[in-house]
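Take a look at the structure set out below.
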Amino acid sequence: PGAGALLARARSGGRMRVNVLGSIRNDFLCDGGVELFDLAAQGRLDAFFLGGGQIDGQANINLVGAGGSYPQTDVRWPGSFGSGYLYYLV
């Protein structure tokens with residue numbers, strides 16, 4: 001999804017903005033997540049994508065970890081980062 005969004009931005013003639021949190025080149029937000037949530041609350045965010053560590057056939061996303069028993073999972077990912085809030089608003 002991120003590569004597709006960057007391609008769409010490149011083809012938009014400057015009409016589209018794409019932000020990639022944590023990216024040096026593609027992160028225009030100064031305060032990361034705080035500004036992202038503000039944009040969502042103001043209705044100024046049209047779409048967002050999450051990179052899930054696991055996604056099943058029903059589109060359930062695991063953003064926390066896999067293997068072992070939580071919280072001592074064998075593999076650990078960044079977490080949900082307020083995705084439930086964004087799902088609702090965006």
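We label chains A, B, ... in the order they appear in the structure tokens, count residues from 1 in each chain, and number ligands from 1 in the order shown.
Omitting Phe81 in chain A and its sequence neighbours fewer than 2 positions away, and counting only C-alpha atoms, the residues within 10 Å are A:Gly33, A:Leu50, A:Leu63, A:Val64, A:Pro78, A:Gly79, A:Ser83, A:Gly84, A:Tyr85, A:Leu86.
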Requested in this report: Using backbone DSSP assignments, extract all alpha helix (DSSP H) residues from range 7-66 of chain A; output them as a VMD selection string.
Outcome: chain A and resid 7 to 11 33 to 41
Write out, as an mmCIF file, in the first residue's frame, the residues just selected, with N, CA, C and O atoms.
data_model
loop_
_atom_site.group_PDB
_atom_site.id
_atom_site.type_symbol
_atom_site.label_atom_id
_atom_site.label_comp_id
_atom_site.auth_asym_id
_atom_site.auth_seq_id
_atom_site.Cartn_x
_atom_site.Cartn_y
_atom_site.Cartn_z
ATOM 1 N N LEU A 7 3.364 6.107 -5.500
ATOM 2 C CA LEU A 7 3.209 6.177 -6.952
ATOM 3 C C LEU A 7 2.041 7.094 -7.317
ATOM 4 O O LEU A 7 2.155 7.931 -8.224
ATOM 5 N N ALA A 8 0.931 6.959 -6.608
ATOM 6 C CA ALA A 8 -0.232 7.831 -6.858
ATOM 7 C C ALA A 8 0.129 9.296 -6.631
ATOM 8 O O ALA A 8 -0.268 10.174 -7.398
ATOM 9 N N ARG A 9 0.903 9.555 -5.571
ATOM 10 C CA ARG A 9 1.339 10.935 -5.314
ATOM 11 C C ARG A 9 2.194 11.457 -6.460
ATOM 12 O O ARG A 9 2.016 12.585 -6.927
ATOM 13 N N ALA A 10 3.117 10.630 -6.940
ATOM 14 C CA ALA A 10 3.999 11.040 -8.030
ATOM 15 C C ALA A 10 3.205 11.358 -9.298
ATOM 16 O O ALA A 10 3.557 12.259 -10.055
ATOM 17 N N ARG A 11 2.107 10.634 -9.506
ATOM 18 C CA ARG A 11 1.290 10.836 -10.704
ATOM 19 C C ARG A 11 0.225 11.911 -10.530
ATOM 20 O O ARG A 11 -0.459 12.261 -11.478
ATOM 21 N N GLY A 33 2.702 10.894 15.435
ATOM 22 C CA GLY A 33 1.378 10.390 15.739
ATOM 23 C C GLY A 33 0.409 11.427 16.250
ATOM 24 O O GLY A 33 -0.781 11.381 15.932
ATOM 25 N N VAL A 34 0.886 12.389 17.026
ATOM 26 C CA VAL A 34 -0.011 13.419 17.570
ATOM 27 C C VAL A 34 -0.686 14.172 16.434
ATOM 28 O O VAL A 34 -1.906 14.352 16.417
ATOM 29 N N GLU A 35 0.084 14.605 15.461
ATOM 30 C CA GLU A 35 -0.485 15.326 14.325
ATOM 31 C C GLU A 35 -1.364 14.429 13.469
ATOM 32 O O GLU A 35 -2.383 14.870 12.939
ATOM 33 N N LEU A 36 -0.980 13.174 13.340
ATOM 34 C CA LEU A 36 -1.778 12.229 12.576
ATOM 35 C C LEU A 36 -3.179 12.100 13.177
ATOM 36 O O LEU A 36 -4.186 12.171 12.465
ATOM 37 N N PHE A 37 -3.263 11.957 14.483
ATOM 38 C CA PHE A 37 -4.565 11.844 15.148
ATOM 39 C C PHE A 37 -5.354 13.147 15.050
ATOM 40 O O PHE A 37 -6.575 13.126 14.901
ATOM 41 N N ASP A 38 -4.675 14.277 15.114
ATOM 42 C CA ASP A 38 -5.356 15.570 14.942
ATOM 43 C C ASP A 38 -5.952 15.686 13.536
ATOM 44 O O ASP A 38 -7.088 16.127 13.380
ATOM 45 N N LEU A 39 -5.192 15.315 12.522
ATOM 46 C CA LEU A 39 -5.698 15.349 11.151
ATOM 47 C C LEU A 39 -6.924 14.453 11.003
ATOM 48 O O LEU A 39 -7.908 14.832 10.369
ATOM 49 N N ALA A 40 -6.869 13.273 11.591
ATOM 50 C CA ALA A 40 -8.006 12.349 11.523
ATOM 51 C C ALA A 40 -9.227 12.937 12.217
ATOM 52 O O ALA A 40 -10.341 12.873 11.688
ATOM 53 N N ALA A 41 -9.049 13.524 13.388
ATOM 54 C CA ALA A 41 -10.165 14.096 14.146
ATOM 55 C C ALA A 41 -10.789 15.283 13.417
ATOM 56 O O ALA A 41 -11.984 15.531 13.546
#
**Report entry** Near-Phe49 in chain A list (12 Å; only C-alpha atoms; drop same-chain fewer than 3 positions) as a list in words
**Finding:**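 My reading of the contact set: Pro1, Gly2, Ala3, Gly4, Ala5, Val18, Asn19, Val20, Leu21, Leu45, Asp46, Gly52, Ile61, Ser80, Ser83, Leu86, Tyr87 and Val90 of chain A.
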Save the residues we just selected, C-alpha atoms, as a compact mmCIF listing (two decimals), in the first residue's frame?
# COMPACT_ATOMS: atom_id res chain seq x y z
CA PRO A 1 0.00 0.00 0.00
CA GLY A 2 2.80 2.45 0.79
CA ALA A 3 4.49 2.03 -2.58
CA GLY A 4 1.12 2.40 -4.33
CA ALA A 5 0.37 5.60 -2.40
CA VAL A 18 1.41 11.07 1.35
CA ASN A 19 2.99 10.70 4.76
CA VAL A 20 5.04 7.70 5.89
CA LEU A 21 5.52 7.87 9.67
CA LEU A 45 -7.22 12.31 6.55
CA ASP A 46 -8.71 10.40 3.62
CA GLY A 52 0.31 -5.94 9.74
CA ILE A 61 -4.63 -7.70 11.53
CA SER A 80 -1.47 -0.96 17.24
CA SER A 83 -5.36 2.07 15.01
CA LEU A 86 -8.09 5.82 13.22
CA TYR A 87 -10.38 3.03 11.92
CA VAL A 90 -11.04 7.71 8.84
**Report entry** Residues flagged strand (DSSP E) by DSSP in range 2-89 of chain A, as a ChimeraX atom specification
**Finding:** /A:54-55,61-62,65-69,72-76
For the selection you just gave me, I'd like the residues written to a file as a PDB file, in the first residue's frame, keeping C-alpha atoms.
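Once everything was written out, this is selection.pdb:
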ATOM      1  CA  GLN A  54      -0.094 -11.124  10.282  1.00  0.00           C
ATOM      2  CA  ILE A  55      -3.284 -10.711   8.260  1.00  0.00           C
ATOM      3  CA  ILE A  61      -4.633  -7.704  11.535  1.00  0.00           C
ATOM      4  CA  ASN A  62      -2.093  -8.685  14.188  1.00  0.00           C
ATOM      5  CA  GLY A  65       3.510 -10.163  17.970  1.00  0.00           C
ATOM      6  CA  ALA A  66       3.552 -13.880  17.213  1.00  0.00           C
ATOM      7  CA  GLY A  67       4.726 -17.095  18.801  1.00  0.00           C
ATOM      8  CA  GLY A  68       4.827 -17.795  22.504  1.00  0.00           C
ATOM      9  CA  SER A  69       2.452 -16.285  25.010  1.00  0.00           C
ATOM     10  CA  GLN A  72       6.625 -12.731  25.937  1.00  0.00           C
ATOM     11  CA  THR A  73       6.085 -13.359  22.238  1.00  0.00           C
ATOM     12  CA  ASP A  74       8.882 -14.774  20.105  1.00  0.00           C
ATOM     13  CA  VAL A  75       8.461 -11.975  17.551  1.00  0.00           C
ATOM     14  CA  ARG A  76       7.413  -8.469  18.562  1.00  0.00           C
TER      15      ARG A  76
END
